[in-house]
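Take a look at the structure set out below.
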Amino acid sequence: MKNVFASMCLSVLLLGCNGQGDKDVTFTTNPKDYTSFLQADPIKSYAAALEEKEFWSKRLGSDSTGVGDLGPLAGAYSKLFETSGAIQHLKDAEQVYKKAITVAAIKIQDGYKRALAKNYITQHRFKDAITLLEESYAGISNKHATELLLFDCYLEVGAYSKALQLLKKIENINQFDYLIRISKWSDHQGDLSAAIGYMEKALTIANSRKNLALQIWTNTNIADYYGHQGDIKASYNHYLKTLALQPDHAYAKKGIAWILYSKEHNITQASVLIDHLLANHNLPDYYLLKAEMASYQGDSVLSEEYMQQFFTLANNPLYGDMYNTHKIRALVKTDPYKALQLAQKEVDNRTTPQSYQLLALAQLASNQKQEALATITNFVVGKTSEPMALLYSAQVYKANGMLDKVTALKTALLPASYELGPEIYKQVIAL
């Protein structure tokens with residue numbers, strides 16, 4: 001794996017080049033841009049998915065294997081999950097895909113295995129997805145389609161050499177599927193400008209095909225990348241483009257809520273968007289954002305209430321490991337031992353710098369400052385450019401009295417206020 005940074009000093013320079021600061025300080029949002037999308041009825045999308053689910057369920061019948069109907073039924077459950085956030089629908093889709101694999105002829109099992117692998121990826125069960133895909137790849141399968149998903153999984157679990165090997169194998173600069181993956185790889189390497197460039201090319205292809213699903217997916221990803229780069233205006237505009245394509249798109253609305261909170265510190269308007277989402281799309285992470293905003297406003301009681309609502313939802317066993325990273329960050333303040341347990345589990349699941357930075361954070365909270373230093377030194381430094389990793393590294397260095405490194409990292413983090421958010425950015429100022 002190629003290191004993004006050769007040293008802490010170089011990390012400071014590169015972060016500056018990546019443009020973490022706001023590139024257009026005069027830009028402001030306008031409620032007129034997005035309030036009309038708040039009128040979009042998410043129940044309509046859910047109702048359509050429910051109708052689809054009921055149609056394919058009836059086609060199957062109580063005893064029929066109906067292999068041709070199982071795929072659309074699982075797809076309907078997946079849409080129900082996307083439109084409602086209810087985890088049970090995702091688990092239902094998993095069971096239907098498993099049934100399809102057992103009853104399908106060998107020649108068509110491959111497609112169902114890839115569909116199940118995508119389901120596992122959504123559940124953050126990357127190792128399960130890899131096992132399934134590698135097994136399928138070794139047999140009768142669409143090799144190219146399987147390679148695409150294996151790349152995604154290898155990148156997620158930190159198997160970077162395998163991911164790079166596949167990336168070279170699937171190389172085709174004119175293919176949408178390759179472009180979005182070389183974009184992911186560029187982001188992983190710390191080259192955000194290249195990541196955006198590749199994703200823009202992918203969007204051109206999606207637009208030329210007039211493929212709504214690809215247009216929506218690509219616009220939201222470009223919006224995220226521009227936000228990381230500090231081009232908030234471009235990020236905002238791509239979220240709006242997403243909503244123009246799908247007015248009830250929850251992720252785009254959350255992205256705009258983050259802009260309102262992090263760039264403009266407009267808690268009132270950001271809360272309007274989050275509360276709108278919670279009305280029909282009850283995800284645990286919305287409560288985390290509400291807790292963070294309440295804390296920023298100095299309301300610790302309300303922040304704790306929201307945090308408890310997060311844990312009430314996220315502790316549903318059906319979520320499995322999906323919210324481990326969020327839980328770790330929350331638990332380091334209240335239950336460091338539990339945070340450490342979860343962090344060790346997360347490292348077992350995904351041996352990435354992002355997992356190790358959380359392990360170091362949990363070790364530090366558990367009074368294991370030397371162990372935290374070893375984790376940062378061996379598994380984080382020089383392997384990621386993410387502001388959270390640099391913040392946790394700085395905190396570990398500070399606890400170990402390595403103040404020169406703290407100063408360098410603080411300098412690197414000063415332009416990262418938007419990506420970190422104003423509440424977490426207080427920790428940068430306190431370094």
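Chains: A, B, ... in order of the structure tokens. Residues: from 1 per chain. Ligands: from 1, in order shown.
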
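Non-sequential neighbours of Val103 (chain A) (distance at most 9 Å, separation of 5 or more positions within a chain, only C-alpha atoms) are Thr65, Gly66, Val67, Lys98 and Gln109 of chain A.
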
Restricting the output to N, CA and C atoms, write the selected residues as an mmCIF file, in the first residue's frame.
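For reference, part_37.cif as written:
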data_model
loop_
_atom_site.group_PDB
_atom_site.id
_atom_site.type_symbol
_atom_site.label_atom_id
_atom_site.label_comp_id
_atom_site.auth_asym_id
_atom_site.auth_seq_id
_atom_site.Cartn_x
_atom_site.Cartn_y
_atom_site.Cartn_z
ATOM 1 N N THR A 65 -41.441 -22.315 -4.891
ATOM 2 C CA THR A 65 -40.063 -21.826 -4.856
ATOM 3 C C THR A 65 -39.928 -20.614 -5.760
ATOM 4 N N GLY A 66 -40.593 -20.602 -6.900
ATOM 5 C CA GLY A 66 -40.668 -19.435 -7.782
ATOM 6 C C GLY A 66 -39.380 -18.660 -7.885
ATOM 7 N N VAL A 67 -38.308 -19.306 -8.328
ATOM 8 C CA VAL A 67 -36.993 -18.674 -8.297
ATOM 9 C C VAL A 67 -36.960 -17.364 -9.062
ATOM 10 N N LYS A 98 -30.982 -15.706 0.180
ATOM 11 C CA LYS A 98 -30.458 -17.012 0.576
ATOM 12 C C LYS A 98 -31.329 -18.137 0.030
ATOM 13 N N GLN A 109 -27.090 -19.040 -9.935
ATOM 14 C CA GLN A 109 -26.831 -18.752 -8.518
ATOM 15 C C GLN A 109 -25.923 -17.543 -8.356
#

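The residue set within 10 Å of region 332-348 of chain A, counting only C-alpha atoms and dropping same-chain residues fewer than 5 places from it, reads A:Lys127, A:Val157, A:Gly158, A:Asp321, A:Asn324, A:Thr325, A:Lys327, A:Pro353, A:Gln354, A:Ser355, A:Tyr356, A:Gln357, A:Leu358, A:Leu359, A:Ala360, A:Leu361, A:Ala362, A:Gln363, A:Leu364, A:Ala365, A:Ser366, A:Asn367.
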
Same residues, N, CA and C atoms, output as a short mmCIF file (atom, residue, chain, number, x, y, z; two decimals), in the first residue's frame:
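What ended up in part-v7.cif:
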data_model
loop_
_atom_site.label_atom_id
_atom_site.label_comp_id
_atom_site.auth_asym_id
_atom_site.auth_seq_id
_atom_site.Cartn_x
_atom_site.Cartn_y
_atom_site.Cartn_z
N LYS A 127 -16.64 -9.35 5.59
CA LYS A 127 -15.98 -10.66 5.51
C LYS A 127 -16.94 -11.72 4.96
N VAL A 157 -12.08 -3.65 3.95
CA VAL A 157 -11.46 -4.40 5.05
C VAL A 157 -9.96 -4.16 5.16
N GLY A 158 -9.42 -3.33 4.30
CA GLY A 158 -7.99 -3.02 4.39
C GLY A 158 -7.09 -3.97 3.63
N ASP A 321 -23.06 -5.07 13.38
CA ASP A 321 -21.91 -4.18 13.56
C ASP A 321 -22.05 -2.87 12.79
N ASN A 324 -21.02 0.26 14.89
CA ASN A 324 -19.90 0.13 15.82
C ASN A 324 -19.07 1.41 15.91
N THR A 325 -18.73 2.00 14.78
CA THR A 325 -17.87 3.19 14.82
C THR A 325 -18.54 4.34 15.56
N LYS A 327 -20.84 4.00 17.88
CA LYS A 327 -20.92 3.63 19.29
C LYS A 327 -19.59 3.86 20.00
N PRO A 353 -6.87 1.81 8.67
CA PRO A 353 -6.44 2.91 9.55
C PRO A 353 -7.61 3.52 10.32
N GLN A 354 -8.78 3.54 9.67
CA GLN A 354 -9.96 4.12 10.32
C GLN A 354 -10.38 3.30 11.55
N SER A 355 -10.25 1.97 11.46
CA SER A 355 -10.56 1.13 12.62
C SER A 355 -9.51 1.28 13.70
N TYR A 356 -8.26 1.34 13.29
CA TYR A 356 -7.17 1.46 14.28
C TYR A 356 -7.19 2.80 14.99
N GLN A 357 -7.63 3.87 14.30
CA GLN A 357 -7.70 5.15 14.98
C GLN A 357 -8.73 5.11 16.10
N LEU A 358 -9.82 4.35 15.88
CA LEU A 358 -10.83 4.20 16.93
C LEU A 358 -10.30 3.34 18.08
N LEU A 359 -9.51 2.34 17.73
CA LEU A 359 -8.89 1.52 18.78
C LEU A 359 -7.97 2.39 19.64
N ALA A 360 -7.18 3.24 19.01
CA ALA A 360 -6.29 4.13 19.76
C ALA A 360 -7.09 5.07 20.66
N LEU A 361 -8.20 5.58 20.14
CA LEU A 361 -9.05 6.47 20.93
C LEU A 361 -9.59 5.74 22.16
N ALA A 362 -10.05 4.49 21.97
CA ALA A 362 -10.59 3.71 23.08
C ALA A 362 -9.48 3.34 24.06
N GLN A 363 -8.30 3.03 23.56
CA GLN A 363 -7.18 2.72 24.45
C GLN A 363 -6.82 3.94 25.29
N LEU A 364 -6.80 5.10 24.68
CA LEU A 364 -6.49 6.32 25.41
C LEU A 364 -7.53 6.59 26.49
N ALA A 365 -8.80 6.39 26.16
CA ALA A 365 -9.88 6.59 27.14
C ALA A 365 -9.80 5.58 28.27
N SER A 366 -9.16 4.43 28.02
CA SER A 366 -9.03 3.37 29.03
C SER A 366 -7.69 3.45 29.77
N ASN A 367 -7.06 4.62 29.69
CA ASN A 367 -5.77 4.86 30.38
C ASN A 367 -4.65 3.95 29.88
#

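Excluding Val396 (chain A) and any residue on its chain fewer than 3 positions from it, the residues at most 9 Å away by only C-alpha atoms are Ala360, Leu361, Leu364, Lys369, Gln370, Ala372, Leu373, Ile376, Leu391, Tyr392, Ser393, Ala399, Asn400, Gly401, Met402 and Val406 of chain A.
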
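Restricting the calculation to only C-alpha atoms, the smallest distance between Asp110 (chain A) and any of A:Ile140, A:Ala93, A:Ala252, A:Ala291 is found for A:Ile140.
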
Quiz item: Which residues come within 9 Å of region 223-228 of chain A, counting only C-alpha atoms, excluding same-chain residues fewer than 3 positions away, as a ChimeraX atom specification?
Solution: /A:18-20,22,187,192-193,195-196,218-220,231-239,252,255,259,416,418-419

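Considering the residues A:Tyr319, A:Ala389, A:Lys254, A:Ile328 and counting only C-alpha atoms, Ser271 (chain A) has its shortest atom-to-atom contact with A:Lys254.
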